[in-house]
>>> print(open('model.cif').read())   # mmCIF, C-alpha atoms and all ligand atoms
data_protein
#
loop_
_atom_site.label_atom_id
_atom_site.label_comp_id
_atom_site.auth_asym_id
_atom_site.auth_seq_id
_atom_site.Cartn_x
_atom_site.Cartn_y
_atom_site.Cartn_z
CA MET A 1 13.54 21.00 -31.95
CA ALA A 2 9.94 21.88 -31.04
CA HIS A 3 7.76 18.91 -30.09
CA LYS A 4 4.11 18.81 -31.05
CA HIS A 5 1.10 18.15 -28.80
CA THR A 6 2.41 19.58 -25.52
CA HIS A 7 3.49 22.96 -24.15
CA ASP A 8 6.79 21.90 -22.60
CA ASN A 9 8.91 21.13 -25.68
CA VAL A 10 9.61 17.64 -24.29
CA ASP A 11 9.96 14.74 -26.76
CA TRP A 12 7.43 12.51 -24.93
CA PRO A 13 7.31 9.66 -27.51
CA ALA A 14 11.05 9.17 -26.96
CA ARG A 15 10.34 8.70 -23.24
CA LEU A 16 8.05 5.67 -23.66
CA SER A 17 10.58 2.96 -22.78
CA SER A 18 11.91 4.77 -19.71
CA LEU A 19 8.37 5.61 -18.52
CA ARG A 20 7.51 1.92 -18.85
CA ARG A 21 10.62 0.83 -16.99
CA ALA A 22 9.76 3.26 -14.17
CA ASP A 23 6.16 1.95 -14.15
CA GLU A 24 7.39 -1.62 -13.76
CA LEU A 25 9.54 -0.64 -10.80
CA ASP A 26 6.82 1.50 -9.25
CA ALA A 27 4.10 -1.15 -9.64
CA PRO A 28 3.99 -2.18 -5.94
CA PHE A 29 3.80 1.49 -4.84
CA ASP A 30 1.18 2.29 -7.51
CA ARG A 31 -0.89 -0.68 -6.34
CA ASP A 32 -0.96 0.62 -2.76
CA VAL A 33 -1.92 4.13 -3.87
CA ALA A 34 -4.61 2.81 -6.24
CA ASP A 35 -6.09 0.62 -3.48
CA ARG A 36 -6.13 3.58 -1.11
CA LEU A 37 -7.83 5.91 -3.63
CA VAL A 38 -10.35 3.32 -4.82
CA GLY A 39 -11.12 2.85 -1.11
CA LEU A 40 -12.43 6.45 -1.12
CA LEU A 41 -15.04 5.36 -3.67
CA CYS A 42 -16.48 2.46 -1.69
CA ALA A 43 -20.00 3.95 -1.81
CA VAL A 44 -19.91 4.22 -5.61
CA ALA A 45 -20.99 1.31 -7.84
CA LYS A 46 -18.74 1.01 -10.92
CA PRO A 47 -16.65 4.15 -10.36
CA VAL A 48 -15.19 6.11 -13.26
CA ILE A 49 -11.49 6.95 -12.88
CA VAL A 50 -9.75 9.32 -15.29
CA ASP A 51 -5.93 9.27 -15.52
CA ILE A 52 -4.69 12.59 -16.93
CA GLY A 53 -1.22 12.47 -18.55
CA SER A 54 -1.33 8.69 -18.29
CA GLY A 55 2.22 8.23 -19.66
CA GLY A 56 3.24 4.56 -19.80
CA GLY A 57 -0.07 3.46 -18.23
CA GLY A 58 1.33 2.11 -14.94
CA MET A 59 -1.11 3.87 -12.66
CA SER A 60 -4.09 3.12 -14.93
CA THR A 61 -3.10 -0.55 -14.74
CA ALA A 62 -3.10 -0.30 -10.94
CA PHE A 63 -6.52 1.38 -11.02
CA ALA A 64 -7.91 -1.31 -13.33
CA ARG A 65 -6.75 -4.04 -10.94
CA ALA A 66 -8.11 -2.17 -7.90
CA LEU A 67 -11.47 -1.59 -9.62
CA ALA A 68 -11.68 -5.26 -10.64
CA ALA A 69 -11.35 -6.20 -6.97
CA HIS A 70 -13.98 -3.56 -6.11
CA GLY A 71 -16.63 -5.04 -8.45
CA GLY A 72 -15.82 -3.21 -11.68
CA GLY A 73 -15.76 0.28 -13.11
CA ARG A 74 -14.22 2.29 -15.89
CA VAL A 75 -10.67 3.57 -16.41
CA VAL A 76 -10.19 6.41 -18.87
CA LEU A 77 -6.61 7.16 -19.93
CA SER A 78 -6.03 10.65 -21.27
CA ASP A 79 -2.85 12.06 -22.73
CA ALA A 80 -1.94 14.63 -25.37
CA VAL A 81 0.55 12.26 -26.97
CA ASP A 82 -0.92 9.46 -29.09
CA GLU A 83 2.41 7.62 -29.24
CA LEU A 84 2.12 7.12 -25.46
CA LEU A 85 -1.65 6.86 -25.16
CA GLU A 86 -2.08 3.96 -27.58
CA PRO A 87 0.48 1.56 -26.09
CA ALA A 88 -0.55 2.54 -22.55
CA THR A 89 -4.20 1.80 -23.33
CA SER A 90 -3.31 -1.61 -24.82
CA LEU A 91 -1.38 -2.45 -21.67
CA VAL A 92 -4.29 -1.54 -19.40
CA ARG A 93 -6.81 -3.40 -21.61
CA HIS A 94 -4.61 -6.45 -21.30
CA ALA A 95 -4.54 -6.12 -17.48
CA ALA A 96 -8.33 -5.64 -17.37
CA ALA A 97 -9.16 -8.52 -19.75
CA GLY A 98 -11.77 -10.87 -18.30
CA THR A 99 -12.79 -8.41 -15.54
CA SER A 100 -15.74 -6.05 -15.32
CA VAL A 101 -13.51 -3.03 -15.86
CA GLU A 102 -13.92 -1.01 -19.05
CA VAL A 103 -10.89 0.77 -20.46
CA GLU A 104 -10.95 3.68 -22.87
CA ALA A 105 -8.67 6.39 -24.17
CA VAL A 106 -9.26 10.08 -24.83
CA GLN A 107 -6.55 12.08 -26.51
CA ALA A 108 -6.71 15.59 -25.09
CA ASP A 109 -4.57 18.57 -24.13
CA ALA A 110 -4.95 18.87 -20.37
CA ALA A 111 -4.42 22.61 -20.74
CA GLY A 112 -7.54 22.90 -22.89
CA ASP A 113 -10.79 24.33 -21.56
CA ARG A 114 -13.00 21.55 -22.99
CA LEU A 115 -11.79 18.64 -20.84
CA ALA A 116 -15.11 18.43 -19.05
CA GLU A 117 -16.81 17.92 -22.45
CA LEU A 118 -14.24 15.44 -23.78
CA LEU A 119 -14.07 13.27 -20.67
CA PRO A 120 -16.83 11.41 -18.84
CA PRO A 121 -17.88 12.75 -15.41
CA ALA A 122 -15.42 11.12 -13.02
CA ASP A 123 -15.53 9.84 -9.45
CA LEU A 124 -11.75 10.19 -9.31
CA VAL A 125 -9.42 12.25 -11.47
CA TRP A 126 -5.77 11.25 -11.08
CA ALA A 127 -3.08 13.56 -12.51
CA SER A 128 0.49 12.56 -11.78
CA ARG A 129 3.42 14.81 -12.71
CA VAL A 130 1.52 16.41 -15.58
CA VAL A 131 0.05 19.66 -14.24
CA HIS A 132 3.54 21.15 -13.84
CA HIS A 133 3.92 20.75 -17.63
CA LEU A 134 0.94 23.03 -18.30
CA PRO A 135 1.19 26.80 -18.76
CA ASP A 136 -1.58 27.85 -16.34
CA GLN A 137 -1.56 25.28 -13.56
CA GLN A 138 -4.40 26.84 -11.56
CA ALA A 139 -6.64 27.02 -14.65
CA ALA A 140 -5.80 23.36 -15.37
CA ILE A 141 -6.69 22.31 -11.82
CA ASP A 142 -9.94 24.30 -12.07
CA GLU A 143 -10.76 22.42 -15.28
CA LEU A 144 -9.88 19.03 -13.73
CA ALA A 145 -12.28 19.85 -10.88
CA ARG A 146 -15.01 20.44 -13.46
CA VAL A 147 -14.54 16.87 -14.73
CA LEU A 148 -15.59 15.51 -11.30
CA VAL A 149 -19.10 14.41 -10.35
CA PRO A 150 -20.38 16.03 -7.12
CA GLY A 151 -18.58 14.18 -4.32
CA GLY A 152 -15.78 13.11 -6.69
CA TRP A 153 -12.08 13.34 -5.80
CA LEU A 154 -9.18 15.04 -7.52
CA ALA A 155 -5.79 13.47 -6.73
CA LEU A 156 -2.66 15.31 -7.86
CA SER A 157 0.67 13.55 -7.55
CA GLU A 158 3.19 16.40 -7.48
CA GLY A 159 6.32 17.19 -5.55
CA GLY A 160 7.78 14.96 -2.88
CA LEU A 161 11.56 14.52 -2.64
CA ALA A 162 14.05 14.56 -5.51
CA THR A 163 15.22 11.07 -6.43
CA LYS A 164 18.68 9.95 -5.31
CA CYS A 165 20.43 7.12 -7.17
CA LEU A 166 24.19 7.50 -6.97
CA PRO A 167 26.95 7.10 -4.40
CA TRP A 168 28.56 10.45 -3.49
CA ASP A 169 31.91 9.48 -5.06
CA LEU A 170 31.68 7.36 -8.21
CA GLY A 171 35.42 7.02 -8.58
CA ILE A 172 35.41 9.00 -11.83
CA GLY A 173 34.84 12.73 -12.26
CA GLU A 174 34.03 15.05 -9.37
CA PRO A 175 32.14 13.75 -6.31
CA GLY A 176 28.55 14.97 -5.84
CA LEU A 177 27.38 14.42 -9.45
CA GLY A 178 23.87 13.38 -8.38
CA ASN A 179 23.27 16.70 -6.66
CA ARG A 180 24.61 18.67 -9.64
CA LEU A 181 22.30 16.73 -11.98
CA THR A 182 19.33 17.58 -9.77
CA ALA A 183 20.34 21.26 -9.68
CA ALA A 184 20.76 21.31 -13.49
CA ARG A 185 17.33 19.70 -13.96
CA ASP A 186 15.74 22.22 -11.57
CA ASP A 187 17.31 25.08 -13.50
CA TRP A 188 16.06 23.61 -16.81
CA PHE A 189 12.60 23.31 -15.27
CA VAL A 190 12.52 27.03 -14.44
CA GLY A 191 13.46 27.86 -18.05
CA MET A 192 11.03 25.27 -19.48
CA ARG A 193 8.14 26.94 -17.65
CA ALA A 194 9.33 30.47 -18.46
CA ASP A 195 9.40 29.63 -22.20
CA MET A 196 5.83 28.29 -22.35
CA PRO A 197 3.45 30.51 -24.28
CA GLY A 198 0.71 31.76 -21.95
CA VAL A 199 2.59 30.74 -18.80
CA ARG A 200 1.22 31.87 -15.43
CA ALA A 201 2.94 31.47 -12.09
CA LEU A 202 1.40 29.32 -9.37
CA PRO A 203 2.77 31.08 -6.30
CA VAL A 204 1.17 28.70 -3.79
CA GLY A 205 1.43 25.05 -2.80
CA TRP A 206 -0.73 22.35 -4.39
CA ASN A 207 -3.11 22.11 -1.41
CA THR A 208 -3.92 25.82 -1.75
CA ALA A 209 -4.44 25.40 -5.50
CA LEU A 210 -6.94 22.57 -4.89
CA GLU A 211 -8.85 24.76 -2.43
CA ALA A 212 -8.85 27.64 -4.93
CA ALA A 213 -10.51 25.24 -7.40
CA GLY A 214 -13.43 24.89 -4.95
CA LEU A 215 -12.44 21.49 -3.57
CA THR A 216 -12.95 20.68 0.09
CA GLY A 217 -11.39 18.39 2.70
CA VAL A 218 -7.99 18.95 1.08
CA TYR A 219 -5.13 16.85 2.49
CA SER A 220 -2.04 15.03 1.29
CA PHE A 221 -0.03 11.92 1.96
CA SER A 222 3.48 10.93 0.94
CA TYR A 223 5.20 7.61 0.43
CA VAL A 224 8.78 6.50 0.01
CA ILE A 225 10.04 4.79 -3.15
CA ASP A 226 12.92 2.63 -2.04
CA HIS A 227 14.91 0.27 -4.27
CA PRO A 228 18.05 -0.31 -2.19
CA ALA A 229 21.50 -1.38 -3.36
CA PRO A 230 22.51 -3.94 -4.42
CA ALA A 231 19.68 -3.59 -6.90
CA PRO A 232 18.42 -5.85 -9.71
CA GLU A 233 19.06 -4.98 -13.33
CA ALA A 234 15.71 -3.20 -13.79
CA VAL A 235 16.63 -0.72 -11.05
CA ARG A 236 20.14 -0.23 -12.43
CA LEU A 237 18.70 0.45 -15.89
CA SER A 238 16.32 3.00 -14.45
CA VAL A 239 19.36 4.73 -12.91
CA VAL A 240 20.82 4.88 -16.43
CA ASP A 241 17.48 6.37 -17.61
CA TRP A 242 17.59 8.90 -14.77
CA ILE A 243 21.11 10.07 -15.62
CA ALA A 244 20.24 10.25 -19.35
CA TRP A 245 17.09 12.32 -18.69
CA MET A 246 18.61 14.65 -16.10
CA SER A 247 21.75 15.27 -18.15
CA GLY A 248 19.75 15.62 -21.38
CA VAL A 249 17.58 18.44 -20.06
CA GLY A 250 20.33 19.95 -17.91
CA GLU A 251 23.19 19.57 -20.41
CA ASP A 252 23.93 23.29 -20.86
CA ARG A 253 24.23 23.75 -17.10
CA LEU A 254 26.79 20.99 -16.53
CA SER A 255 30.59 21.37 -16.65
CA ALA A 256 32.66 19.71 -19.37
CA THR A 257 34.06 17.32 -16.73
CA ASP A 258 30.57 16.29 -15.66
CA ARG A 259 29.48 15.79 -19.28
CA GLU A 260 32.49 13.54 -19.91
CA THR A 261 31.77 11.56 -16.75
CA ILE A 262 28.12 11.15 -17.74
CA ALA A 263 29.02 9.94 -21.25
CA ARG A 264 31.04 7.13 -19.64
CA LEU A 265 28.40 6.29 -17.02
CA VAL A 266 25.66 5.70 -19.62
CA ASP A 267 27.87 3.81 -22.09
CA PRO A 268 27.30 0.03 -21.71
CA GLY A 269 30.69 -0.55 -23.36
CA ASP A 270 32.61 1.53 -20.78
CA GLU A 271 34.07 -0.02 -17.62
CA ALA A 272 32.45 2.88 -15.69
CA TYR A 273 28.95 1.95 -16.95
CA VAL A 274 26.59 2.72 -14.10
CA GLY A 275 24.17 -0.03 -15.13
CA ALA A 276 26.78 -2.61 -14.10
CA ARG A 277 27.42 -1.18 -10.60
CA ASP A 278 26.08 -2.90 -7.52
CA ASP A 279 26.09 0.31 -5.43
CA VAL A 280 23.40 2.31 -7.24
CA PHE A 281 19.84 2.50 -5.93
CA VAL A 282 16.61 4.50 -6.30
CA LEU A 283 15.34 6.44 -3.30
CA GLY A 284 12.66 9.11 -3.47
CA ALA A 285 9.30 10.17 -2.13
CA SER A 286 6.05 11.14 -3.84
CA THR A 287 3.24 13.29 -2.49
CA VAL A 288 -0.43 12.96 -3.44
CA TYR A 289 -2.74 15.95 -2.84
CA LEU A 290 -6.46 15.23 -2.57
CA GLY A 291 -9.58 17.35 -2.63
CA GLN A 292 -13.29 16.55 -2.98
CA LYS A 293 -15.91 18.33 -5.06
CA PRO A 294 -18.77 19.41 -2.79
CA ALA A 295 -21.79 17.11 -3.18
C1 LIG A 301 6.18 13.03 -16.45
S1 LIG A 301 5.04 12.16 -17.49
C2 LIG A 301 4.02 11.43 -16.20
C3 LIG A 301 3.40 10.15 -16.64
C4 LIG A 301 2.59 9.46 -15.53
N1 LIG A 301 1.45 10.24 -15.15
C5 LIG A 301 3.49 9.20 -14.34
O1 LIG A 301 3.32 9.84 -13.30
O2 LIG A 301 4.39 8.36 -14.47
C6 LIG A 301 3.98 13.44 -18.12
C7 LIG A 301 2.85 12.91 -18.98
O3 LIG A 301 2.00 14.02 -19.29
C8 LIG A 301 1.72 14.05 -20.67
N2 LIG A 301 1.48 15.44 -21.05
C9 LIG A 301 2.39 16.46 -21.14
N3 LIG A 301 1.76 17.60 -21.49
C10 LIG A 301 0.44 17.28 -21.63
C11 LIG A 301 -0.72 18.03 -21.98
N4 LIG A 301 -0.64 19.32 -22.30
N5 LIG A 301 -1.91 17.40 -21.98
C12 LIG A 301 -2.01 16.07 -21.68
N6 LIG A 301 -0.95 15.31 -21.38
C13 LIG A 301 0.26 15.91 -21.34
C14 LIG A 301 2.96 13.43 -21.32
O4 LIG A 301 2.67 12.95 -22.61
C15 LIG A 301 3.29 12.34 -20.32
O5 LIG A 301 2.53 11.18 -20.57
#
>>> encode(input="model.cif", output="structure tokens")
Amino acid sequence: MAHKHTHDNVDWPARLSSLRRADELDAPFDRDVADRLVGLLCAVAKPVIVDIGSGGGGMSTAFARALAAHGGGRVVLSDAVDELLEPATSLVRHAAAGTSVEVEAVQADAAGDRLAELLPPADLVWASRVVHHLPDQQAAIDELARVLVPGGWLALSEGGLATKCLPWDLGIGEPGLGNRLTAARDDWFVGMRADMPGVRALPVGWNTALEAAGLTGVYSFSYVIDHPAPAPEAVRLSVVDWIAWMSGVGEDRLSATDRETIARLVDPGDEAYVGARDDVFVLGASTVYLGQKPA
């Protein structure tokens, strides 16, 4: 089925609950990243931060809290999908209530060429795991750079290390399922991009793409996401989400044995239900690429 609003044929509204669960788990990591990025804006009174592809709103919440501690500012959530944007904006408004942080929402296609007209000039544009869903990633980064005020920062969260969640041998099916799920997802990703109308390759790394957009002082940092076993229920449920997402997009690339194993792992009524295991975990790493618009 084709899904409206975006270019990737992903059913984003159906992802709301798992995006939220991931946001709740990632909150401590998001808070550190938000504090670090807001720290770049210490010379700016009431900075404007735009969150492109804001998803469940976790990072916008972290920005709102960081700005409140910084003396106020404005957080603008932007997403193509209203069904995500509205609940995410409510969440951030709730977190910002009683502070001097303004929160607003702008529904927009990040692949459009009018972003700089639709969005306010920003001191920081944050775009996490959204640019790789756009057909022409370099053109999108160029447009995001246009949203910045002189001296403003573009921060792209892309890449890092693929998440690991599962023991090598689960006791059912063939060992090594986690790696096969990652390979199936990667293969789906290649096809997802190839099928996008107007797709253009980005044959360079993200730092080079930021420089090509005219940004300077480009650098990156990475951080580890570590929820070790034995993990609380929220982590175990996010492992269920991970298997469901990876197997959903990669289904055609998985063997019949793996598909049977997965059906049991995600079934709360099955004794093999992965959400009831005390040996699953979430381990990954995210990378943030930064570049500044010349003053
Ligand atoms: C993988 S989620 C990332 C959400 C959040 N930024 C995070 O890192 O958790 C991708 C987000 O990008 C949004 N998105 C996808 N295509 C888009 C487009 N063309 N324009 C704007 N948003 C888009 C989706 O609706 C979703 O909220």
>>> residues_around(input="model.cif", residues="Trp12 of chain A", least_positions_apart="5", cutoff="9 Å", atoms="only C-alpha atoms", output="ChimeraX atom specification")
/A:3,6,55,81,83-84
>>> atom_distance(input="model.cif", atom1="atom CA of Val274 of chain A", atom2="atom C1 of ligand LIG 301 (chain A)")
23.0 Å
>>> closest_residue(input="model.cif", among="A:Arg31, A:His132, A:His94, A:Arg114", to="ligand LIG 301 (chain A)", atoms="all atoms listed in the file")
A:His132
>>> residues_near_ligand(input="model.cif", ligand="ligand LIG 301 (chain A)", cutoff="6 Å", atoms="all atoms listed in the file", output="ChimeraX atom specification")
/A:6-7,12,53-55,79-81,108-111,128-130,133-134
>>> closest_residue(input="model.cif", among="A:Val101, A:Ala95, A:Ala231, A:Leu161", to="Gly71 of chain A", atoms="only C-alpha atoms")
A:Val101
>>> closest_residue(input="model.cif", among="A:Ser238, A:Ser247, A:Gln138, A:Thr287", to="Glu24 of chain A", atoms="only C-alpha atoms")
A:Ser238
>>> residues_around(input="model.cif", residues="Arg259 of chain A", least_positions_apart="5", cutoff="10 Å", atoms="only C-alpha atoms", output="PyMOL selection string")
chain A and resi 173+247-248+251-254+264-265
>>> atom_distance(input="model.cif", atom1="atom CA of Ala122 of chain A", atom2="atom CA of Pro47 of chain A")
7.6 Å
>>> atom_distance(input="model.cif", atom1="atom CA of Ser18 of chain A", atom2="atom CA of Gly178 of chain A")
18.6 Å
>>> residues_near_point(input="model.cif", point="(26.7, 2.2, -21.5)", cutoff="12 Å", atoms="only C-alpha atoms", output="PyMOL selection string")
chain A and resi 236-237+239-241+243-244+261-277
